[in-house]
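*Asks:* Next up, model14.txt (compact mmCIF, C-alpha atoms).
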```txt
# COMPACT_ATOMS: atom_id res chain seq x y z
CA MET A 28 134.42 81.24 -97.98
CA LYS A 29 136.68 79.82 -100.70
CA ILE A 30 137.30 82.13 -103.66
CA ARG A 31 137.32 80.56 -107.12
CA LEU A 32 139.73 82.62 -109.19
CA GLY A 33 139.97 82.27 -112.97
CA ILE A 34 143.40 83.00 -114.47
CA SER A 35 143.79 83.26 -118.23
CA PHE A 36 146.46 80.91 -119.56
CA SER A 37 149.74 82.26 -120.88
CA SER A 38 152.30 80.14 -122.71
CA THR A 39 155.05 82.12 -120.93
CA ASN A 40 155.70 81.92 -117.18
CA PHE A 41 152.15 80.83 -116.34
CA GLN A 42 153.26 79.03 -113.17
CA ASN A 43 154.26 82.39 -111.66
CA TYR A 44 150.60 83.46 -111.54
CA LEU A 45 149.63 80.25 -109.76
CA ARG A 46 152.52 80.50 -107.28
CA TRP A 47 151.57 84.08 -106.42
CA PHE A 48 148.43 82.74 -104.78
CA ASP A 49 150.14 79.77 -103.09
CA PRO A 50 149.73 81.16 -99.54
CA GLU A 51 145.99 81.59 -100.00
CA VAL A 52 145.56 78.25 -101.79
CA SER A 53 147.52 76.35 -99.13
CA VAL A 54 145.17 77.46 -96.34
CA GLY A 55 142.09 76.72 -98.41
CA ASN A 56 140.96 80.30 -99.05
CA VAL A 57 141.46 80.30 -102.81
CA GLU A 58 140.89 77.80 -105.62
CA LEU A 59 142.50 78.50 -109.00
CA LEU A 60 140.99 77.72 -112.39
CA GLU A 61 143.07 77.86 -115.56
CA LEU A 62 141.08 79.53 -118.33
CA LYS A 63 142.21 78.54 -121.80
CA ALA A 64 140.74 79.62 -125.13
CA GLU A 65 140.56 76.12 -126.60
CA ASN A 66 138.74 74.38 -123.76
CA SER A 67 137.02 76.97 -121.54
CA MET A 68 133.44 78.13 -122.01
CA GLU A 69 131.14 80.74 -120.50
CA ALA A 70 129.91 78.10 -118.08
CA ASP A 71 133.44 78.06 -116.63
CA LEU A 72 133.42 81.84 -116.26
CA GLU A 73 130.14 81.62 -114.37
CA THR A 74 131.82 79.50 -111.69
CA CYS A 75 134.48 82.14 -111.00
CA ASP A 76 134.33 84.90 -108.39
CA GLY A 77 137.09 86.99 -109.98
CA PHE A 78 139.57 87.00 -112.85
CA VAL A 79 143.23 87.64 -113.67
CA LEU A 80 144.24 88.49 -117.24
CA SER A 81 147.84 87.38 -117.58
CA GLY A 82 150.80 88.63 -119.63
CA GLY A 83 152.33 87.24 -122.81
CA CYS A 84 152.36 87.77 -126.56
CA ASP A 85 151.47 91.06 -128.30
CA ILE A 86 147.79 91.53 -129.13
CA ASP A 87 146.79 91.03 -132.77
CA THR A 88 147.02 94.41 -134.49
CA ALA A 89 143.71 93.80 -136.28
CA LEU A 90 141.89 94.26 -132.97
CA TYR A 91 142.94 97.90 -132.70
CA GLN A 92 143.72 98.80 -136.33
CA GLY A 93 147.43 99.01 -135.65
CA ALA A 94 150.25 98.96 -138.19
CA SER A 95 150.81 95.48 -139.58
CA GLU A 96 154.58 95.74 -139.22
CA TYR A 97 156.52 97.18 -136.28
CA PRO A 98 159.74 96.49 -134.33
CA HIS A 99 159.79 93.37 -132.15
CA LYS A 100 156.58 92.03 -133.67
CA PRO A 101 156.09 88.35 -132.71
CA GLU A 102 156.26 85.67 -135.36
CA GLU A 103 152.65 84.77 -134.65
CA PHE A 104 149.81 86.40 -132.75
CA GLU A 105 147.49 84.48 -130.42
CA THR A 106 144.26 85.79 -131.91
CA GLU A 107 142.04 83.10 -130.42
CA ARG A 108 143.39 84.02 -127.00
CA ASP A 109 142.78 87.72 -127.70
CA HIS A 110 139.09 87.11 -128.40
CA PHE A 111 138.72 84.73 -125.46
CA GLU A 112 140.27 87.17 -122.99
CA ALA A 113 138.09 89.94 -124.39
CA SER A 114 135.10 87.76 -123.52
CA ILE A 115 136.46 87.27 -119.99
CA TYR A 116 136.80 91.01 -119.50
CA LEU A 117 133.33 91.75 -120.87
CA PHE A 118 131.82 88.97 -118.74
CA ALA A 119 133.50 90.35 -115.61
CA LYS A 120 132.37 93.88 -116.40
CA LYS A 121 128.77 92.88 -117.14
CA ASN A 122 128.48 90.72 -114.02
CA ARG A 123 130.46 93.08 -111.79
CA LYS A 124 133.13 90.55 -110.93
CA PRO A 125 136.57 91.84 -109.84
CA LEU A 126 139.30 91.75 -112.46
CA LEU A 127 143.05 92.29 -112.36
CA GLY A 128 144.97 92.79 -115.61
CA ILE A 129 148.71 92.22 -115.75
CA CYS A 130 150.99 93.55 -118.53
CA ARG A 131 149.32 92.18 -121.67
CA GLY A 132 146.09 92.07 -119.68
CA MET A 133 146.26 95.83 -119.25
CA GLN A 134 146.72 96.32 -122.98
CA LEU A 135 143.84 93.93 -123.68
CA VAL A 136 141.47 96.02 -121.55
CA GLN A 137 142.60 99.16 -123.35
CA VAL A 138 141.91 97.59 -126.74
CA VAL A 139 138.52 96.15 -125.77
CA GLU A 140 137.47 99.59 -124.54
CA GLY A 141 138.33 101.07 -127.95
CA GLY A 142 141.78 102.45 -127.13
CA LYS A 143 145.03 102.18 -129.08
CA LEU A 144 148.51 100.91 -128.30
CA ILE A 145 151.97 102.31 -128.83
CA GLN A 146 153.24 99.33 -130.79
CA ASP A 147 156.89 99.74 -129.84
CA LEU A 148 158.37 102.15 -127.31
CA GLY A 149 161.53 102.67 -129.35
CA GLU A 150 165.16 101.86 -128.73
CA ALA A 151 165.80 104.23 -125.82
CA ASP A 152 162.63 103.42 -123.87
CA ASN A 153 162.97 99.69 -124.53
CA LEU A 154 166.20 99.87 -122.51
CA ILE A 155 164.02 100.93 -119.58
CA HIS A 156 161.06 98.60 -120.10
CA LYS A 157 161.85 95.65 -122.37
CA LYS A 158 163.03 92.44 -120.77
CA ALA A 159 166.80 91.85 -121.05
CA GLY A 160 167.02 88.17 -121.98
CA ASN A 161 165.21 86.42 -119.14
CA ILE A 162 165.65 89.28 -116.68
CA ASP A 163 163.00 91.91 -116.00
CA ARG A 164 164.04 95.55 -116.07
CA LYS A 165 163.42 97.74 -113.03
CA HIS A 166 162.23 101.33 -113.13
CA ARG A 167 160.37 103.90 -111.10
CA ILE A 168 156.71 104.73 -111.34
CA GLU A 169 154.74 107.71 -110.10
CA VAL A 170 151.22 107.03 -108.84
CA SER A 171 148.42 109.46 -109.70
CA GLU A 172 147.20 111.30 -106.61
CA GLY A 173 143.72 110.31 -105.50
CA SER A 174 143.66 107.19 -107.67
CA PHE A 175 142.42 103.75 -106.67
CA LEU A 176 145.99 102.48 -107.01
CA ALA A 177 147.20 105.17 -104.61
CA SER A 178 144.64 104.08 -102.03
CA ILE A 179 145.67 100.43 -102.42
CA SER A 180 149.43 100.89 -102.42
CA GLN A 181 149.55 103.87 -100.02
CA GLN A 182 152.47 105.06 -102.16
CA SER A 183 153.06 108.05 -104.42
CA SER A 184 156.01 106.41 -106.18
CA GLY A 185 158.09 103.27 -106.18
CA VAL A 186 160.06 100.72 -108.20
CA VAL A 187 158.51 97.94 -110.29
CA ASN A 188 159.71 95.23 -112.66
CA SER A 189 159.19 95.58 -116.40
CA ALA A 190 159.09 93.24 -119.40
CA HIS A 191 157.24 94.98 -122.24
CA HIS A 192 157.95 96.89 -125.44
CA GLN A 193 154.41 98.14 -126.05
CA ALA A 194 152.30 100.56 -124.05
CA ILE A 195 148.88 102.15 -123.71
CA ASP A 196 148.54 105.16 -126.01
CA PRO A 197 147.55 107.96 -123.62
CA LYS A 198 146.35 110.09 -126.53
CA GLN A 199 143.83 107.42 -127.55
CA LEU A 200 142.59 106.08 -124.25
CA GLY A 201 139.78 103.54 -124.05
CA HIS A 202 136.27 104.36 -122.82
CA ASN A 203 136.05 105.32 -119.12
CA LEU A 204 139.71 104.46 -118.48
CA PHE A 205 142.03 106.49 -116.27
CA ILE A 206 145.83 106.22 -116.12
CA SER A 207 146.76 105.84 -112.46
CA ALA A 208 150.55 105.42 -112.74
CA TRP A 209 153.25 106.63 -115.10
CA SER A 210 156.90 105.93 -115.83
CA PRO A 211 158.64 109.27 -115.18
CA GLU A 212 161.49 108.33 -117.53
CA SER A 213 159.55 107.28 -120.63
CA HIS A 214 156.25 109.02 -119.75
CA SER A 215 154.41 105.79 -120.61
CA PRO A 216 151.31 104.61 -118.70
CA GLU A 217 151.89 101.99 -116.00
CA ALA A 218 148.40 101.38 -114.57
CA LEU A 219 144.75 101.66 -115.60
CA GLU A 220 141.51 101.83 -113.67
CA TYR A 221 138.03 103.13 -114.36
CA GLN A 222 137.54 106.88 -114.45
CA ASN A 223 133.95 106.57 -113.23
CA LYS A 224 133.86 103.73 -110.71
CA GLN A 225 130.20 104.04 -109.80
CA ASP A 226 128.40 100.68 -110.07
CA GLN A 227 131.66 99.00 -111.18
CA ALA A 228 133.48 96.09 -109.57
CA PHE A 229 137.19 96.16 -108.72
CA MET A 230 139.14 96.70 -111.95
CA LEU A 231 142.84 97.45 -111.90
CA CYS A 232 145.45 96.84 -114.57
CA VAL A 233 149.21 97.18 -114.14
CA GLN A 234 151.94 97.12 -116.75
CA TRP A 235 154.45 95.44 -114.45
CA HIS A 236 154.46 91.85 -113.15
CA PRO A 237 153.45 91.76 -109.46
CA GLU A 238 153.36 87.96 -109.53
CA ARG A 239 157.13 87.71 -110.02
CA MET A 240 158.57 90.82 -108.39
CA GLU A 241 161.60 90.39 -106.16
CA GLU A 242 160.43 90.37 -102.52
CA LYS A 243 156.86 90.57 -103.80
CA GLU A 244 155.54 89.68 -100.33
CA LYS A 245 156.86 93.03 -99.07
CA SER A 246 156.07 95.22 -102.07
CA PRO A 247 152.99 97.47 -101.90
CA PHE A 248 152.87 97.13 -105.69
CA SER A 249 152.42 93.37 -105.41
CA GLU A 250 151.13 92.21 -102.02
CA ASN A 251 148.81 95.18 -101.47
CA ILE A 252 147.32 94.70 -104.92
CA LYS A 253 146.78 90.98 -104.40
CA GLN A 254 145.19 91.38 -100.99
CA SER A 255 142.96 94.26 -102.10
CA PHE A 256 141.86 92.23 -105.13
CA LEU A 257 140.99 89.19 -103.00
CA ALA A 258 139.21 91.33 -100.40
CA SER A 259 137.10 92.91 -103.14
CA ILE A 260 136.03 89.43 -104.28
CA ILE A 261 134.96 88.48 -100.77
CA HIS A 262 132.97 91.70 -100.41
CA SER A 263 131.26 91.26 -103.76
CA THR A 264 130.02 87.71 -103.21
```
Can you present the structure in this file as structure tokens?
*Replies:*
Amino acid sequence: MKIRLGISFSSTNFQNYLRWFDPEVSVGNVELLELKAENSMEADLETCDGFVLSGGCDIDTALYQGASEYPHKPEEFETERDHFEASIYLFAKKNRKPLLGICRGMQLVQVVEGGKLIQDLGEADNLIHKKAGNIDRKHRIEVSEGSFLASISQQSSGVVNSAHHQAIDPKQLGHNLFISAWSPESHSPEALEYQNKQDQAFMLCVQWHPERMEEKEKSPFSENIKQSFLASIIHST
């Protein structure tokens, strides 16, 4: 069967998400659909077998009652995109369609589930996590024992790439969410999954960027995630 995968549009580095699936597209196993707030509708979502929520701009603070001013705040939010991606997540959840959230996508899921964000990690932790110019940072993560991510990656720790200055607030976690990886240096969350997975489709969010990791084809924190995600779509259709 051919999987139809919906990927939410990002104005930054969107081609990386498409290229990540090049091997599967080239052999005819996957078809990609760009989902964009201004021209996509629920009818488009209904044609998709699974979804990727991509990275990008900070989420509008109004969606989680955050402070209106904070360090490294963008000049403009993409509020229409925020609401559209929230609808993608809720559609996937309601219809039990697999979903993978990446960086901003992880924060979006947290917000939609009623959680809060750390709006800026601070100077010291930004040196670990925030992109340096056009270059991702690299840092270690520790994977929570017994988690879905641990079963996918078959790893208890590893190194990932990083390009963010915000994080999930672990003290104000969203409904039914479980933190399945941490940064041991900054103690900030690095992955989310459902706490209670009964009657739920595949749902994994990561704070790093598996679609553009160095040697991503060999990394259990990129290739294993992609293949597990695609396999879950096949099994759910």
*Asks:* Given the choices A:His202, A:His262, A:Lys29, A:His110, which gets closest to Glu140 in chain A if the distance is worked out from only C-alpha atoms?
*Replies:* A:His202
*Asks:* Residues within 12 Å of Gly33 in chain A, please, as a count of residues only. Count all atoms listed in the file; anything in the same chain fewer than 3 positions from it doesn't count.
*Replies:* 36
*Asks:* How would you write as a list in words the residues that get within 10 Å of (152.4, 93.3, -104.2) in the file's frame, counting only C-alpha atoms?
*Replies:*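 Residues satisfying the cut-off, written out: Trp47, Ile179, Ser180, Val187, His236, Pro237, Glu238, Arg239, Met240, Glu241, Glu242, Lys243, Glu244, Lys245, Ser246, Pro247, Phe248, Ser249, Glu250, Asn251, Ile252, Lys253, Gln254 and Ser255 of chain A.
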*Asks:* Enter the distance from CA of Val136 in chain A to CA of Gln182 in chain A, in Å, rounded to one decimal.
*Replies:*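 About the pair CA of Val136 in chain A and CA of Gln182 in chain A: they are 24.1 Å apart.
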*Asks:* So, counting all atoms listed in the file, which residue among A:Leu219, A:Ala89, A:Ile155, A:Ala94 is closest to Val233 in chain A?
*Replies:*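 Of A:Leu219, A:Ala89, A:Ile155, A:Ala94, the one nearest Val233 in chain A, counting all atoms listed in the file, is A:Leu219.
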*Asks:* Work out how far apart CA of Arg31 in chain A and CA of Lys224 in chain A are and give it in Å to one decimal.
*Replies:*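 Computing it gives 23.7 Å between the two atoms.
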*Asks:* Measuring between all atoms listed in the file, which one of A:Trp235, A:Phe118, A:Phe205, A:Phe256 shows the shortest distance to Gln137 in chain A?
*Replies:*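 Nearest candidate to Gln137 in chain A out of A:Trp235, A:Phe118, A:Phe205, A:Phe256: A:Phe205.
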*Asks:* Identify, on the basis of only C-alpha atoms, every residue whose closest approach to range 190-200 of chain A does not exceed 9 Å; exclude the query and any residue fewer than 4 positions from it along the same chain; express the result as a count of residues only.
*Replies:* 37
*Asks:* From the list A:Gln222, A:Asn66, A:Ser259, A:Ser95, which residue is nearest Glu107 in chain A when using all atoms listed in the file?
*Replies:* A:Asn66
*Asks:* Of the residues A:Arg46, A:His166, A:Arg123, A:Lys100, which is the one nearest to Ser184 in chain A, using only C-alpha atoms?
*Replies:*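 That would be A:His166, the residue with the smallest distance to Ser184 in chain A.
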*Asks:* Between CA of Phe104 in chain A and CA of Ile86 in chain A, what is the distance, to one decimal in Å?
*Replies:* 6.6 Å
*Asks:* Using only C-alpha atoms for the distances, tell me which of A:Asn203, A:Ser174, A:Gln225, A:Ser35 is nearest to Arg108 in chain A.
*Replies:* A:Ser35
*Asks:* Regenerate range 195-206 of chain A at the level of all heavy atoms and dump it as a CSV table (one decimal), in the coordinates of the input.
*Replies:*
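What ended up in selection-v3.csv:
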```csv
chain,number,residue,atom,x,y,z
A,195,ILE,N,150.1,101.5,-123.5
A,195,ILE,CA,148.9,102.2,-123.7
A,195,ILE,C,149.2,103.5,-124.4
A,195,ILE,O,150.1,104.2,-124.0
A,195,ILE,CB,148.2,102.4,-122.4
A,195,ILE,CG1,147.9,101.1,-121.7
A,195,ILE,CG2,146.9,103.2,-122.6
A,195,ILE,CD1,147.1,100.1,-122.5
A,196,ASP,N,148.4,103.8,-125.4
A,196,ASP,CA,148.5,105.2,-126.0
A,196,ASP,C,147.7,106.2,-125.2
A,196,ASP,O,146.5,106.1,-125.3
A,196,ASP,CB,148.1,105.1,-127.5
A,196,ASP,CG,148.3,106.4,-128.2
A,196,ASP,OD1,148.6,107.4,-127.6
A,196,ASP,OD2,148.3,106.4,-129.5
A,197,PRO,N,148.3,107.0,-124.5
A,197,PRO,CA,147.6,108.0,-123.6
A,197,PRO,C,146.7,109.0,-124.4
A,197,PRO,O,145.8,109.6,-123.9
A,197,PRO,CB,148.6,108.6,-122.8
A,197,PRO,CG,149.9,108.6,-123.6
A,197,PRO,CD,149.8,107.3,-124.3
A,198,LYS,N,147.1,109.2,-125.7
A,198,LYS,CA,146.4,110.1,-126.5
A,198,LYS,C,145.1,109.5,-127.1
A,198,LYS,O,144.2,110.2,-127.7
A,198,LYS,CB,147.3,110.6,-127.7
A,198,LYS,CG,148.5,111.4,-127.2
A,198,LYS,CD,149.3,111.9,-128.3
A,198,LYS,CE,150.5,112.7,-127.8
A,198,LYS,NZ,151.4,113.1,-128.9
A,199,GLN,N,145.0,108.1,-127.0
A,199,GLN,CA,143.8,107.4,-127.6
A,199,GLN,C,143.4,106.4,-126.5
A,199,GLN,O,143.5,105.2,-126.7
A,199,GLN,CB,144.2,106.8,-128.9
A,199,GLN,CG,144.6,107.7,-130.0
A,199,GLN,CD,144.9,107.1,-131.3
A,199,GLN,OE1,143.9,106.8,-132.1
A,199,GLN,NE2,146.1,106.8,-131.6
A,200,LEU,N,142.9,106.9,-125.4
A,200,LEU,CA,142.6,106.1,-124.2
A,200,LEU,C,141.2,105.5,-124.4
A,200,LEU,O,140.3,106.1,-125.0
A,200,LEU,CB,142.6,106.9,-123.0
A,200,LEU,CG,142.8,106.3,-121.6
A,200,LEU,CD1,144.1,105.4,-121.6
A,200,LEU,CD2,142.9,107.3,-120.5
A,201,GLY,N,141.0,104.2,-123.9
A,201,GLY,CA,139.8,103.5,-124.0
A,201,GLY,C,138.7,104.2,-123.2
A,201,GLY,O,138.9,105.0,-122.3
A,202,HIS,N,137.4,103.8,-123.5
A,202,HIS,CA,136.3,104.4,-122.8
A,202,HIS,C,136.3,104.2,-121.3
A,202,HIS,O,136.6,103.1,-120.8
A,202,HIS,CB,135.0,103.7,-123.3
A,202,HIS,CG,133.8,104.1,-122.6
A,202,HIS,ND1,133.2,105.3,-122.7
A,202,HIS,CD2,133.0,103.4,-121.8
A,202,HIS,CE1,132.1,105.4,-122.0
A,202,HIS,NE2,132.0,104.2,-121.4
A,203,ASN,N,136.1,105.3,-120.6
A,203,ASN,CA,136.0,105.3,-119.1
A,203,ASN,C,137.3,104.8,-118.4
A,203,ASN,O,137.3,104.3,-117.3
A,203,ASN,CB,134.8,104.5,-118.6
A,203,ASN,CG,134.5,104.8,-117.2
A,203,ASN,OD1,134.7,105.9,-116.7
A,203,ASN,ND2,134.0,103.8,-116.4
A,204,LEU,N,138.5,104.9,-119.1
A,204,LEU,CA,139.7,104.5,-118.5
A,204,LEU,C,140.5,105.7,-118.0
A,204,LEU,O,140.5,106.7,-118.6
A,204,LEU,CB,140.5,103.6,-119.5
A,204,LEU,CG,139.9,102.3,-119.9
A,204,LEU,CD1,140.8,101.6,-120.9
A,204,LEU,CD2,139.6,101.4,-118.7
A,205,PHE,N,141.2,105.5,-116.9
A,205,PHE,CA,142.0,106.5,-116.3
A,205,PHE,C,143.4,105.9,-116.0
A,205,PHE,O,143.5,104.8,-115.5
A,205,PHE,CB,141.4,106.9,-115.0
A,205,PHE,CG,142.2,107.8,-114.1
A,205,PHE,CD1,142.5,109.1,-114.4
A,205,PHE,CD2,142.7,107.3,-112.9
A,205,PHE,CE1,143.2,109.9,-113.6
A,205,PHE,CE2,143.5,108.1,-112.1
A,205,PHE,CZ,143.8,109.4,-112.4
A,206,ILE,N,144.5,106.7,-116.4
A,206,ILE,CA,145.8,106.2,-116.1
A,206,ILE,C,146.2,106.6,-114.7
A,206,ILE,O,146.3,107.8,-114.3
A,206,ILE,CB,146.8,106.9,-117.1
A,206,ILE,CG1,146.4,106.4,-118.6
A,206,ILE,CG2,148.2,106.5,-116.8
A,206,ILE,CD1,147.1,107.2,-119.7
```
